[in-house]
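**Student:** Handing over work-v6.txt, compact mmCIF, C-alpha atoms (C1' of nucleotides).
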# COMPACT_ATOMS: atom_id res chain seq x y z
CA MET A 26 16.88 24.82 -21.72
CA GLN A 27 18.53 25.09 -18.36
CA VAL A 28 16.78 27.03 -15.66
CA SER A 29 18.89 27.46 -12.63
CA SER A 30 17.94 30.41 -10.52
CA VAL A 31 14.16 30.34 -10.55
CA ASN A 32 13.82 26.75 -9.47
CA SER A 33 15.91 25.80 -6.54
CA SER A 34 16.87 22.22 -7.08
CA LEU A 35 17.50 19.66 -4.39
CA SER A 36 20.84 19.63 -2.65
CA PRO A 37 22.81 16.39 -2.83
CA VAL A 38 21.76 15.48 0.68
CA GLU A 39 18.11 16.20 0.01
CA LEU A 40 18.24 14.19 -3.16
CA ALA A 41 19.91 11.28 -1.40
CA ALA A 42 17.34 11.27 1.37
CA TRP A 43 14.39 11.44 -1.02
CA ARG A 44 15.55 9.11 -3.76
CA GLY A 45 16.87 6.77 -1.11
CA LEU A 46 13.41 6.52 0.38
CA LEU A 47 11.83 5.73 -2.97
CA ARG A 48 14.41 3.17 -3.98
CA THR A 49 14.80 1.51 -0.62
CA HIS A 50 11.06 1.12 -0.28
CA ALA A 51 10.73 -0.25 -3.79
CA ALA A 52 13.51 -2.77 -3.32
CA LEU A 53 12.31 -3.95 0.09
CA VAL A 54 8.69 -4.30 -0.89
CA ARG A 55 9.50 -6.06 -4.14
CA ASP A 56 11.66 -8.65 -2.39
CA LEU A 57 9.39 -9.18 0.60
CA ASP A 58 6.35 -9.51 -1.60
CA ALA A 59 8.08 -12.05 -3.82
CA GLU A 60 9.23 -14.00 -0.78
CA LEU A 61 5.76 -14.09 0.72
CA HIS A 62 4.26 -15.17 -2.58
CA ALA A 63 6.80 -17.89 -3.16
CA GLY A 64 6.62 -19.31 0.33
CA HIS A 65 3.00 -18.80 1.35
CA ASP A 66 1.01 -17.62 -1.65
CA LEU A 67 0.19 -14.32 0.00
CA SER A 68 0.78 -10.78 -1.14
CA LEU A 69 2.20 -8.26 1.27
CA HIS A 70 -1.19 -6.53 1.43
CA GLU A 71 -2.94 -9.81 2.18
CA TYR A 72 -0.41 -10.57 4.87
CA GLU A 73 -0.94 -7.17 6.44
CA VAL A 74 -4.68 -7.63 6.49
CA LEU A 75 -4.34 -10.98 8.25
CA LEU A 76 -1.80 -9.49 10.65
CA THR A 77 -4.06 -6.56 11.45
CA LEU A 78 -7.14 -8.70 11.98
CA ALA A 79 -5.25 -11.27 14.04
CA GLY A 80 -4.20 -8.48 16.37
CA ALA A 81 -7.63 -6.87 16.60
CA PRO A 82 -10.14 -7.56 19.39
CA GLU A 83 -12.08 -10.71 18.49
CA GLY A 84 -10.18 -10.91 15.22
CA ARG A 85 -12.43 -8.48 13.46
CA MET A 86 -12.48 -4.92 12.24
CA ARG A 87 -14.67 -2.64 10.18
CA MET A 88 -13.87 -2.57 6.49
CA SER A 89 -13.19 1.13 6.50
CA GLU A 90 -10.83 0.99 9.48
CA LEU A 91 -9.01 -1.90 7.90
CA ALA A 92 -8.59 0.04 4.66
CA ALA A 93 -7.02 2.90 6.56
CA ALA A 94 -4.76 0.59 8.55
CA VAL A 95 -3.24 -1.05 5.50
CA VAL A 96 -3.29 2.14 3.38
CA LEU A 97 -5.63 0.92 0.68
CA SER A 98 -8.70 2.43 -0.96
CA GLN A 99 -12.13 1.21 0.07
CA SER A 100 -12.68 -0.55 -3.21
CA GLY A 101 -9.22 -2.01 -3.08
CA LEU A 102 -9.98 -3.44 0.32
CA THR A 103 -13.35 -4.79 -0.82
CA ARG A 104 -11.62 -6.84 -3.47
CA LEU A 105 -8.78 -7.88 -1.24
CA VAL A 106 -11.27 -9.19 1.30
CA ASP A 107 -13.12 -10.92 -1.56
CA ARG A 108 -9.98 -12.79 -2.43
CA LEU A 109 -9.17 -13.69 1.16
CA GLY A 110 -12.79 -14.76 1.56
CA ARG A 111 -12.64 -17.08 -1.43
CA ASP A 112 -9.66 -18.76 0.17
CA GLY A 113 -11.49 -19.05 3.48
CA PHE A 114 -9.12 -16.79 5.42
CA VAL A 115 -11.59 -14.09 6.36
CA ALA A 116 -15.37 -13.81 6.55
CA ARG A 117 -17.69 -10.83 6.36
CA VAL A 118 -19.99 -10.32 9.34
CA ARG A 119 -22.78 -7.75 9.40
CA CYS A 120 -22.33 -5.16 12.09
CA GLU A 121 -24.57 -5.27 15.10
CA GLY A 122 -26.24 -1.92 15.49
CA ASP A 123 -25.27 -0.52 12.09
CA ARG A 124 -26.41 -2.69 9.26
CA ARG A 125 -24.56 -0.67 6.68
CA GLY A 126 -21.28 -1.78 8.16
CA LEU A 127 -19.37 -5.00 7.79
CA ASN A 128 -16.68 -6.53 9.89
CA ALA A 129 -13.95 -8.48 8.25
CA GLU A 130 -13.20 -11.36 10.60
CA VAL A 131 -10.20 -13.63 10.37
CA THR A 132 -11.01 -17.36 10.38
CA ASP A 133 -9.04 -20.14 12.01
CA ALA A 134 -7.58 -20.98 8.63
CA GLY A 135 -6.63 -17.34 8.25
CA ARG A 136 -4.86 -17.30 11.57
CA ARG A 137 -2.99 -20.46 10.65
CA ARG A 138 -1.89 -19.04 7.32
CA TYR A 139 -0.81 -15.85 9.02
CA LEU A 140 1.25 -17.68 11.61
CA GLU A 141 2.89 -19.81 8.95
CA ALA A 142 3.84 -16.75 6.96
CA ARG A 143 4.86 -14.68 9.95
CA THR A 144 8.14 -16.43 10.64
CA THR A 145 9.25 -16.09 7.05
CA HIS A 146 8.18 -12.51 6.82
CA LEU A 147 9.65 -11.31 10.09
CA ALA A 148 12.94 -12.94 9.22
CA GLY A 149 12.83 -11.21 5.86
CA VAL A 150 12.13 -7.81 7.37
CA ARG A 151 14.92 -8.32 9.88
CA ARG A 152 17.47 -9.45 7.39
CA ARG A 153 16.76 -6.83 4.75
CA PHE A 154 15.97 -3.88 6.97
CA LEU A 155 16.11 -4.04 10.76
CA ASP A 156 19.47 -5.77 10.98
CA HIS A 157 21.13 -2.85 9.22
CA LEU A 158 20.15 -0.37 11.92
CA ASP A 159 20.62 -0.47 15.66
CA GLU A 160 18.00 0.14 18.30
CA SER A 161 18.59 3.86 18.65
CA GLU A 162 18.70 4.37 14.91
CA LEU A 163 15.35 2.66 14.57
CA GLY A 164 14.03 5.01 17.20
CA THR A 165 15.37 7.94 15.24
CA LEU A 166 13.64 6.69 12.11
CA ALA A 167 10.37 6.32 13.96
CA THR A 168 10.52 9.93 15.14
CA PHE A 169 11.19 11.03 11.56
CA TRP A 170 8.14 9.16 10.28
CA GLU A 171 5.95 10.59 12.95
CA ARG A 172 7.07 14.10 12.05
CA VAL A 173 6.55 13.61 8.33
CA VAL A 174 3.23 11.80 8.56
CA PRO A 175 1.66 12.13 12.00
CA GLY A 176 0.16 8.80 12.96
CA ALA A 177 2.39 6.81 10.63
CA THR A 178 3.78 4.73 13.47
CA ALA A 179 0.59 4.49 15.49
CA GLU A 180 -1.15 1.34 16.65
CA MET B 29 21.62 -8.15 17.96
CA GLN B 30 18.22 -9.67 18.61
CA VAL B 31 17.77 -13.07 20.19
CA SER B 32 15.98 -15.00 17.49
CA SER B 33 13.56 -17.42 18.98
CA VAL B 34 11.46 -18.90 16.23
CA ASN B 35 8.49 -16.69 16.95
CA SER B 36 10.16 -13.52 18.03
CA SER B 37 7.90 -10.65 17.13
CA LEU B 38 8.95 -7.11 16.45
CA SER B 39 9.66 -4.78 19.33
CA PRO B 40 7.64 -1.58 19.46
CA VAL B 41 10.53 0.40 18.06
CA GLU B 42 11.13 -2.05 15.25
CA LEU B 43 7.45 -2.05 14.42
CA ALA B 44 7.32 1.74 14.41
CA ALA B 45 10.34 2.00 12.13
CA TRP B 46 9.01 -0.59 9.68
CA ARG B 47 5.34 0.31 9.60
CA GLY B 48 6.32 3.96 9.55
CA LEU B 49 8.33 3.38 6.41
CA LEU B 50 5.44 1.61 4.69
CA ARG B 51 2.84 4.16 5.67
CA THR B 52 4.94 7.26 5.13
CA HIS B 53 5.95 6.09 1.71
CA ALA B 54 2.38 5.24 0.78
CA ALA B 55 1.06 8.60 1.94
CA LEU B 56 3.78 10.65 0.28
CA VAL B 57 3.64 8.84 -3.03
CA ARG B 58 -0.15 8.92 -3.14
CA ASP B 59 -0.25 12.68 -2.59
CA LEU B 60 2.66 13.57 -4.84
CA ASP B 61 1.34 11.40 -7.63
CA ALA B 62 -2.10 12.98 -7.38
CA GLU B 63 -0.57 16.45 -7.38
CA LEU B 64 1.53 15.72 -10.44
CA HIS B 65 -1.45 14.26 -12.25
CA ALA B 66 -3.71 17.14 -11.41
CA GLY B 67 -1.21 19.82 -12.32
CA HIS B 68 0.74 18.34 -15.19
CA ASP B 69 -0.90 15.12 -16.28
CA LEU B 70 2.16 13.08 -15.37
CA SER B 71 2.52 10.12 -13.07
CA LEU B 72 5.37 10.02 -10.60
CA HIS B 73 7.02 7.31 -12.67
CA GLU B 74 6.70 9.38 -15.82
CA TYR B 75 8.15 12.39 -14.06
CA GLU B 76 11.08 10.35 -12.84
CA VAL B 77 11.82 9.05 -16.29
CA LEU B 78 11.86 12.58 -17.70
CA LEU B 79 13.99 13.74 -14.78
CA THR B 80 16.46 10.93 -15.28
CA LEU B 81 16.73 11.42 -19.02
CA ALA B 82 17.00 15.19 -18.69
CA GLY B 83 19.99 14.68 -16.42
CA ALA B 84 21.67 12.05 -18.58
CA PRO B 85 24.40 12.83 -21.14
CA GLU B 86 22.74 13.89 -24.38
CA GLY B 87 19.37 13.31 -22.81
CA ARG B 88 19.37 9.62 -23.51
CA MET B 89 19.83 6.34 -21.74
CA ARG B 90 19.51 2.64 -22.47
CA MET B 91 16.11 1.18 -21.72
CA SER B 92 17.53 -1.33 -19.27
CA GLU B 93 19.54 1.27 -17.35
CA LEU B 94 16.50 3.48 -17.19
CA ALA B 95 14.39 0.65 -15.84
CA ALA B 96 16.90 0.10 -13.06
CA ALA B 97 17.14 3.83 -12.31
CA VAL B 98 13.42 4.24 -11.76
CA VAL B 99 12.95 0.79 -10.20
CA LEU B 100 10.59 -0.64 -12.80
CA SER B 101 10.51 -3.94 -14.67
CA GLN B 102 11.69 -4.05 -18.27
CA SER B 103 8.20 -4.55 -19.56
CA GLY B 104 6.90 -1.84 -17.30
CA LEU B 105 9.43 0.56 -18.73
CA THR B 106 8.64 -0.48 -22.29
CA ARG B 107 5.05 0.55 -21.78
CA LEU B 108 5.90 3.68 -19.86
CA VAL B 109 8.16 4.80 -22.71
CA ASP B 110 5.35 3.87 -25.13
CA ARG B 111 3.05 6.27 -23.35
CA LEU B 112 5.63 9.03 -23.13
CA GLY B 113 6.37 8.44 -26.79
CA ARG B 114 2.72 8.80 -27.79
CA ASP B 115 2.71 12.17 -26.08
CA GLY B 116 5.91 13.14 -27.84
CA PHE B 117 8.02 13.45 -24.70
CA VAL B 118 10.58 10.77 -25.49
CA ALA B 119 11.74 8.97 -28.62
CA ARG B 120 13.39 5.60 -29.12
CA VAL B 121 16.74 5.65 -30.88
CA ARG B 122 18.53 2.51 -32.02
CA CYS B 123 21.88 2.04 -30.37
CA GLU B 124 25.00 2.59 -32.40
CA GLY B 125 27.13 -0.49 -32.13
CA ASP B 126 24.50 -2.77 -30.60
CA ARG B 127 21.41 -3.00 -32.66
CA ARG B 128 19.52 -4.92 -30.03
CA GLY B 129 19.63 -1.94 -27.76
CA LEU B 130 17.51 1.16 -27.70
CA ASN B 131 18.07 4.54 -26.15
CA ALA B 132 15.16 6.43 -24.75
CA GLU B 133 15.81 10.07 -25.56
CA VAL B 134 13.95 12.99 -24.12
CA THR B 135 12.57 15.44 -26.69
CA ASP B 136 12.35 19.20 -26.37
CA ALA B 137 8.68 18.85 -25.51
CA GLY B 138 9.67 16.33 -22.86
CA ARG B 139 12.18 18.73 -21.34
CA ARG B 140 9.59 21.47 -21.32
CA ARG B 141 7.03 19.29 -19.62
CA TYR B 142 9.61 18.17 -17.09
CA LEU B 143 10.61 21.74 -16.25
CA GLU B 144 6.98 22.77 -15.88
CA ALA B 145 6.31 19.91 -13.50
CA ARG B 146 9.57 20.28 -11.63
CA THR B 147 8.63 23.38 -9.67
CA THR B 148 5.38 21.87 -8.49
CA HIS B 149 6.96 18.59 -7.63
CA LEU B 150 9.98 19.95 -5.79
CA ALA B 151 7.75 22.20 -3.74
CA GLY B 152 5.58 19.19 -2.94
CA VAL B 153 8.53 17.08 -1.86
CA ARG B 154 9.83 19.91 0.27
CA ARG B 155 6.56 20.65 1.93
CA ARG B 156 5.57 17.07 2.64
CA PHE B 157 8.96 15.59 3.40
CA LEU B 158 12.16 17.64 3.40
CA ASP B 159 10.81 20.51 5.47
CA HIS B 160 10.15 18.18 8.39
CA LEU B 161 13.81 17.23 8.71
CA ASP B 162 16.92 19.35 9.04
CA GLU B 163 20.09 19.05 7.04
CA SER B 164 21.88 16.66 9.38
CA GLU B 165 18.81 14.49 9.78
CA LEU B 166 18.55 14.15 6.02
CA GLY B 167 22.20 13.11 5.99
CA THR B 168 21.42 10.51 8.64
CA LEU B 169 18.56 9.17 6.55
CA ALA B 170 20.79 8.93 3.51
CA THR B 171 23.35 6.86 5.40
CA PHE B 172 20.54 4.56 6.57
CA TRP B 173 19.33 4.01 3.01
CA GLU B 174 22.80 3.30 1.79
CA ARG B 175 23.28 0.70 4.50
CA VAL B 176 19.94 -1.00 3.87
CA VAL B 177 20.13 -0.96 0.07
CA PRO B 178 23.63 -0.20 -1.18
CA GLY B 179 23.39 2.13 -4.14
CA ALA B 180 19.98 3.45 -3.15
CA THR B 181 21.22 7.03 -3.00
CA ALA B 182 23.62 6.79 -5.92
CA GLU B 183 23.66 8.98 -9.01
C1' DC C 20 32.12 -19.09 -39.94
C1' DA C 21 28.14 -21.93 -38.55
C1' DG C 22 25.49 -23.06 -34.34
C1' DG C 23 24.13 -22.61 -29.56
C1' DG C 24 23.69 -19.73 -25.92
C1' DA C 25 23.39 -15.01 -23.85
C1' DT C 26 21.43 -10.36 -24.09
C1' DA C 27 17.96 -6.47 -25.00
C1' DC C 28 13.73 -5.31 -25.70
C1' DT C 29 8.56 -6.24 -26.71
C1' DT C 30 4.17 -8.65 -26.39
C1' DG C 31 0.44 -11.66 -24.42
C1' DC C 32 -1.73 -12.19 -20.52
C1' DG C 33 -3.59 -11.79 -16.02
C1' DG C 34 -3.99 -9.47 -11.59
C1' DG C 35 -4.29 -5.63 -8.44
C1' DA C 36 -5.45 -0.80 -7.51
C1' DA C 37 -7.95 3.65 -7.89
C1' DC C 38 -11.91 6.59 -9.24
C1' DA C 39 -16.53 7.32 -9.84
C1' DA C 40 -21.13 5.81 -9.71
C1' DG C 41 -24.51 2.79 -7.38
C1' DA C 42 -27.26 0.40 -3.62
C1' DG C 43 -28.69 -0.06 0.99
C1' DA C 44 -29.08 1.71 5.68
C1' DA C 45 -28.95 5.34 9.11
C1' DA C 46 -29.31 10.11 10.72
C1' DT C 47 -31.49 14.53 10.42
C1' DA C 48 -35.12 17.74 9.89
C1' DA C 49 -39.60 19.49 8.93
C1' DT D 25 -43.93 10.36 9.27
C1' DT D 26 -41.32 10.95 5.17
C1' DA D 27 -37.99 13.30 2.50
C1' DT D 28 -33.28 14.61 2.21
C1' DT D 29 -28.71 13.97 3.33
C1' DT D 30 -24.97 11.24 4.92
C1' DC D 31 -22.53 7.12 5.64
C1' DT D 32 -20.66 2.31 4.38
C1' DC D 33 -19.60 -0.76 1.34
C1' DT D 34 -19.70 -2.75 -3.57
C1' DT D 35 -19.53 -2.66 -8.61
C1' DG D 36 -18.16 -0.94 -13.33
C1' DT D 37 -14.42 0.66 -15.63
C1' DT D 38 -9.84 1.65 -16.73
C1' DC D 39 -5.03 1.92 -16.07
C1' DC D 40 -0.58 0.20 -14.70
C1' DC D 41 2.47 -3.36 -13.63
C1' DG D 42 4.97 -7.84 -13.55
C1' DC D 43 5.82 -12.51 -15.23
C1' DA D 44 6.66 -15.49 -18.88
C1' DA D 45 7.16 -16.23 -23.67
C1' DG D 46 8.60 -14.35 -28.12
C1' DT D 47 11.82 -11.88 -31.47
C1' DA D 48 15.99 -9.93 -32.93
C1' DT D 49 20.77 -9.31 -32.27
C1' DC D 50 25.21 -10.29 -30.45
C1' DC D 51 28.88 -13.25 -28.60
C1' DC D 52 31.60 -17.36 -28.18
C1' DT D 53 33.18 -21.77 -29.10
C1' DG D 54 34.73 -25.25 -32.03
Spell out the structure here as structure tokens.
**Tutor:**
Amino acid sequence: MQVSSVNSSLSPVELAAWRGLLRTHAALVRDLDAELHAGHDLSLHEYEVLLTLAGAPEGRMRMSELAAAVVLSQSGLTRLVDRLGRDGFVARVRCEGDRRGLNAEVTDAGRRRYLEARTTHLAGVRRRFLDHLDESELGTLATFWERVVPGATAE
Amino acid sequence: MQVSSVNSSLSPVELAAWRGLLRTHAALVRDLDAELHAGHDLSLHEYEVLLTLAGAPEGRMRMSELAAAVVLSQSGLTRLVDRLGRDGFVARVRCEGDRRGLNAEVTDAGRRRYLEARTTHLAGVRRRFLDHLDESELGTLATFWERVVPGATAE
DNA sequence: CAGGGATACTTGCGGGAACAAGAGAAATAA
DNA sequence: TTATTTCTCTTGTTCCCGCAAGTATCCCTG
């Protein structure tokens, strides 16, 4: 059942780099998501949408751009914005000039919720991730990401 | 380290390292999962379970250990093993000595399916990820993972 | 050697995400 | 103009996952 020569397997270093990425990501996201839920009743995706909108000009962005920014499918974003809308954190605004399009726009309540959650979340990201690497190492990581997925660090 | 005023935001480098991790992971996993599905009708999680079992002594492992190895909840693993069991790729075997416990054991069909998928998947991981980094950079990454989540590169 | 408490897994339930198909609006072309 | 195509978002459907509760077994204490 063993096939050794035809399929080159991963070297120990390759395996460590790849499995490390999967496991580290899973562990970080699980913990940060739980923390955000427990403290502010937001998922990580919801937080990222609020963060993205809060940083966008006039607090609004096209649905499709937003989906790309938070790495979610269109339909996934539609429902995420539904949920945030029900809670009064974002509103949908028809686009001027292209009435197919919609802007998701963060409300005052949305900005407040975001700012409340931000402190918790940033501290969590620092403690679990950033604090374990120094400035130049973080820079190294960023160059790796950009090489693997061009645009991954953009914006 | 960083001066932590209450509202300290992330520096550009910190942001790039963190968002890069989220986006790179999302992009890689999305593509690799789609590729595995299209070519071999396996999800990434299913592949990893088969991989893990195929590499375990006697092709079997306790459900709880397996859940930890592939970073999945107990109930998630129960259902994943259900699905793999329906397809005949793994079987559940009562533990000798502890009749609460179950071993998931990969079948011959499971090993075959794993080996079929392996070539595709390894090539995909190489092309999308490993090829963009050299040997020493992969080693650097591995040390980062180990620092952020001890044990992340183990086994 | 009971009885209570841990441990290992499964099940009930609900939510979140993707894919594919649909509806409405705009762009293009004849 | 009007018909076709393209674009943007939403809806129908289905799958996967996690939490909490349930079941069976083991362990430990008195």
**Student:** Could you superimpose chain B onto chain A using every C-alpha atom, matched in order, and tell me the RMSD in Å?
**Tutor:**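 Least-squares fit of chain B onto chain A, C-alpha RMSD 3.0 Å.
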**Student:** At a cut-off of 8 Å, can you tabulate as CSV every residue of chain B near chain D together with its closest atom pair and the distance in Å to one decimal, using only C-alpha atoms (C1' of nucleotides) and ordering rows by chain then number?
**Tutor:**
residue,atom,partner,partner_atom,distance
B:Ser101,CA,D:DG42,C1',6.9
B:Ser103,CA,D:DG42,C1',7.6
B:Gly104,CA,D:DC41,C1',6.0
B:Asp126,CA,D:DC50,C1',7.6
B:Arg127,CA,D:DT49,C1',6.4
B:Arg128,CA,D:DT49,C1',5.1
**Student:** Those residues with C-alpha atoms, as a JSON list (two decimals), in the frame of the given file please?
**Tutor:**
[["chain", "number", "residue", "atom", "x", "y", "z"],
["B", 101, "SER", "CA", 10.51, -3.94, -14.67],
["B", 103, "SER", "CA", 8.20, -4.55, -19.56],
["B", 104, "GLY", "CA", 6.90, -1.84, -17.30],
["B", 126, "ASP", "CA", 24.50, -2.77, -30.60],
["B", 127, "ARG", "CA", 21.41, -3.00, -32.66],
["B", 128, "ARG", "CA", 19.52, -4.92, -30.03]]
**Student:** Where does chain C meet chain A within 9 Å, residue by residue, with the nearest atom pair and distance in Å to one decimal for each, counting all atoms listed in the file, listed by chain and rising number, as JSON lines?
**Tutor:**
{"residue": "C:DG35", "atom": "C1'", "partner": "A:Gly101", "partner_atom": "CA", "distance": 8.1}
{"residue": "C:DA36", "atom": "C1'", "partner": "A:Gly101", "partner_atom": "CA", "distance": 5.9}
{"residue": "C:DA37", "atom": "C1'", "partner": "A:Ser98", "partner_atom": "CA", "distance": 7.1}
{"residue": "C:DG43", "atom": "C1'", "partner": "A:Arg125", "partner_atom": "CA", "distance": 7.1}
{"residue": "C:DA44", "atom": "C1'", "partner": "A:Arg125", "partner_atom": "CA", "distance": 5.2}
{"residue": "C:DA45", "atom": "C1'", "partner": "A:Asp123", "partner_atom": "CA", "distance": 7.5}
**Student:** For chain A against chain B, which residues fall within 6 Å using all atoms listed in the file, given as a ChimeraX atom specification?
**Tutor:** /A:38,41-42,45,48-49,154,157,163-164,166-167,170,173-174,177-178
**Student:** Tell me, in Å to one decimal, how far CA of Arg122 (chain B) is from CA of Leu78 (chain B).
**Tutor:**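 CA of Leu78 (chain B) lies at a distance of 18.7 Å from CA of Arg122 (chain B).
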**Student:** Hey, can you check how far CA of Glu83 (chain A) sits from CA of Glu130 (chain A)?
**Tutor:**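 Interatomic distance here is 8.0 Å.
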**Student:** Record the distance separating CA of Tyr139 (chain A) and CA of Cys120 (chain A), expressed in Å with one decimal.
**Tutor:**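 We find that CA of Tyr139 (chain A) and CA of Cys120 (chain A) lie 24.2 Å from each other.
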